[in-house]
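Chemist: The structure is given below, and queries will be raised subsequently.
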Amino acid sequence: MHLKRGSEREACDFCHRRKIKCDRALIAKAGHASPTCTACEIRSLDCQVDDSNDVRIQRKRRQKENHPAPAAAPAAPDPRHPSPQAPSAAPGLSGYLDPEPWFSSSLFDLSSENILFLNQVFTGDYTFDFNGMADAGSTIMYPVQIPLPGQDVFADLWGSSGVDGSMVLAALEAYFALAWVSLPIVSKEAFWTDYHAGQCSPALLFAIAACGVVYTDLEDSVRWDMQQKLAYRFKSAFLESQNGGGDIRLDDIEALALMVEFEYDESRDPSGHGHLDKMYLSHESLVLLTLRYQGTVHRDSLMPITRLEERRILLFWHVFGLDAFRCLDKRTMSRIPDDYDTSQELLPERTDATNYLEAVLSLAVIARDIFKTLCPNACRRNGIKAADVYRLYEVLKRWRATSWAPYLERRTDSSGRLIPYSFSGANEYQDLQRLVLWSLETNCYMQIESCADAFGLASSGGLDAEAAAMRIEYESMQAAQDAVRTVEWMEMPSNQTSLFVKGRHPVDLARMVQQILAGVCTWLTIRGQRRYNSLFSVAPFKIHGNDDVEDASKTELGAYSAAIATLRGAVAKGTSQRGSAGLFQWLDGKIGAFQSAVNP
């Protein structure tokens, strides 16, 4: 952030170098003798402000010591910035939710380079107003108050929509306590600020409630029925806002990002135009609306949006990542422009490790690179070049080496098995971030194998294609093994406290993890059948203990069966979403086919 000439810097040395929001001054004002900002705390760094080499500041301090200023009367409180002293919680209320310290710095510590990158991709603008973002986020450390039902400013909206206000509030709170952690689409502090001011869009309110109601204490049939009811309220509110014409609000796009491609119960649609509505609620619509949004809408309107700049960049982060992994999975072209030079922007050299959002962003850039490299028409016709396969694997290896903060790394023992982290107050969220990041990495490796299986490898007349095939086989098996070990790591008794947020299994909180594990499980069933049918050559080296061919076959298939059972057990833990039943049925069909093939 830019400072006026001669003014004293409040940011610590680390945050000042990274040009990120620093909360050291706010923590110091709260009465801490040795304040440590959250960015330094999660990295176990010494939080210091070293301005000894600034001659102007040192001269200014000496002048203050020689000529102390007279005591001034206390300033009147500024209504725009409430006192850091948290008010007492109301009886019976779940309380004031203090923003988690590991999530409280500006934009989750997204670097200025990545903010500029996202702004360039979606707006074409190479500049960004960091001062405006800093002003918008100045109240980030203040407590978030959850309203009592009797104090709800949206009581009339709930009444006219036919939903129980107390249930909606419970759903909103459940979303931010559970589902929001792994995929932060909406700023929690900004949402509650807008909520109390009565300036949230109805579409965003119903979208968050629909996502959070499945994590409430209602019975399965009741909460799924209520989820559909809230989803249709979102749908109606969102389409109504679009019919009005003009510019779209940022929180309406946030609502669509939460509900994109939600599975609606068509029997509830009285209009019979569900197929037309899907066009406006699709992933493509989300991308186009985000590209069209320029971030200047409603700045001076009667319904302002809190911390608009931060929320806009966070929305860009989510849409960019969602689009990258979705296009790779479905092998469809992206509508997001690809004007930036991938070879230059992919993995810039860094002097320090990054955090969760930055690691996901850089992996999303790699996912786009995988699609561009392996899925063009030339590869579909002639096969994939071995050199491209090698380059992508090296990019993924370099990403793991340069883009992981210490708290995101895989810690393994001598046998390669993952070991748990020591528990702290932040672990229940950090472990979930690790799980999501590791699963997305596994997905990239499996997608390379999927493209090679679909399009084949280009022949160069030598042994390159066969060598590349063996490399793909190795990397894919290693990725599958990593997925199995990740599940074993989740189930360790020592991880039950840190991984299970509010008693919920992590797979239940991160649906993308459930889907990736199901995909790896399916891949193992297909490969196991091919191994059994000798479509793959046996290992060229002797494996001790497998001298007998029949025993070796049983041992190998037993290993496949154990890995499949481990992954299937983890997938089964995600039961909150209604669509999980269909996923279980589909996966059980694949496992049944594998068992029938190997046990005729």
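Just remember, in the structure tokens the first chain shown is A, the second B, etc., residues are 1-based per chain, and ligands are 1-based in the order shown.
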Applying 10 Å and only C-alpha atoms, which residues near A:His16 remain after dropping the ones on its own chain fewer than 6 positions away? List them as a PDB file with N, CA and C atoms, in the first residue's frame.
Modeler:
```pdb
ATOM      1  N   MET A   1       0.834  -1.185   0.000  1.00  0.00           N
ATOM      2  CA  MET A   1       0.000   0.000   0.000  1.00  0.00           C
ATOM      3  C   MET A   1       0.876   1.244   0.000  1.00  0.00           C
ATOM      4  N   ARG A   9       5.356   3.650   8.828  1.00  0.00           N
ATOM      5  CA  ARG A   9       4.774   2.418   8.311  1.00  0.00           C
ATOM      6  C   ARG A   9       4.248   1.570   9.456  1.00  0.00           C
ATOM      7  N   GLU A  10       3.003   1.082   9.339  1.00  0.00           N
ATOM      8  CA  GLU A  10       2.415   0.212  10.349  1.00  0.00           C
ATOM      9  C   GLU A  10       2.546  -1.257   9.985  1.00  0.00           C
ATOM     10  N   CYS A  22      -1.771  -5.824   6.418  1.00  0.00           N
ATOM     11  CA  CYS A  22      -1.157  -6.257   7.678  1.00  0.00           C
ATOM     12  C   CYS A  22      -2.034  -5.786   8.836  1.00  0.00           C
ATOM     13  N   VAL A  49       8.968  -4.578  12.625  1.00  0.00           N
ATOM     14  CA  VAL A  49       8.916  -3.372  11.806  1.00  0.00           C
ATOM     15  C   VAL A  49      10.260  -2.679  11.950  1.00  0.00           C
TER      16      VAL A  49
END
```
Chemist: Give me the residues within 10 Å of A:Leu172 as a ChimeraX atom specification, counting only C-alpha atoms and dropping any in the same chain fewer than 2 places off.
Modeler: /A:146,166-170,174-177,192,205-213,215-216
Chemist: Quick one: everything within 10 Å of stretch 449-458 of chain A, counting only C-alpha atoms, minus sequence neighbours fewer than 6 positions away in the same chain. Send it as a ChimeraX atom specification.
Modeler: /A:328-329,331,370-371,374-375,377-386,389,443,464-466,468-469,471-473,475-477,523
Chemist: List the spatial neighbours of A:Arg268 as an mmCIF file with N, CA and C atoms, in the first residue's frame - criterion: any atom at most 9 Å away, only C-alpha atoms, same-chain residues fewer than 4 positions off excluded.
Modeler:
```
data_model
loop_
_atom_site.group_PDB
_atom_site.id
_atom_site.type_symbol
_atom_site.label_atom_id
_atom_site.label_comp_id
_atom_site.auth_asym_id
_atom_site.auth_seq_id
_atom_site.Cartn_x
_atom_site.Cartn_y
_atom_site.Cartn_z
ATOM 1 N N GLN A 228 -34.250 -27.409 -1.732
ATOM 2 C CA GLN A 228 -34.899 -27.167 -3.016
ATOM 3 C C GLN A 228 -35.771 -25.915 -2.965
ATOM 4 N N LYS A 229 -36.450 -25.719 -1.853
ATOM 5 C CA LYS A 229 -37.301 -24.536 -1.714
ATOM 6 C C LYS A 229 -36.472 -23.263 -1.751
ATOM 7 N N TYR A 232 -35.078 -22.609 -5.308
ATOM 8 C CA TYR A 232 -36.037 -21.998 -6.222
ATOM 9 C C TYR A 232 -36.287 -20.534 -5.870
ATOM 10 N N TYR A 264 -31.818 -28.966 -9.755
ATOM 11 C CA TYR A 264 -33.160 -28.593 -9.317
ATOM 12 C C TYR A 264 -34.135 -29.751 -9.540
#
```
Chemist: Between atom CA of A:Ala518 and atom CA of A:Ser267, what is the distance in Å, rounded to a tenth?
Modeler: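 Separating atom CA of A:Ala518 from atom CA of A:Ser267 is a distance of 28.8 Å.
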Chemist: What is the atom CA of A:Gln199 to atom CA of A:Ala155 distance in Å?
Modeler: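 Result for atom CA of A:Gln199 versus atom CA of A:Ala155: 13.4 Å, one decimal.
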Chemist: Do a neighbour search on A:Asn599 at 12 Å with only C-alpha atoms, toss out local chain neighbours closer than 5 positions, and write the hits as a list of chain:residue names.
Modeler: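 The neighbour list is A:Gly528, A:Gln529, A:Tyr532, A:Asn533, A:Ser553, A:Lys554, A:Leu557, A:Gly558, A:Ser561, A:Ile591, A:Gly592, A:Ala593, A:Phe594.
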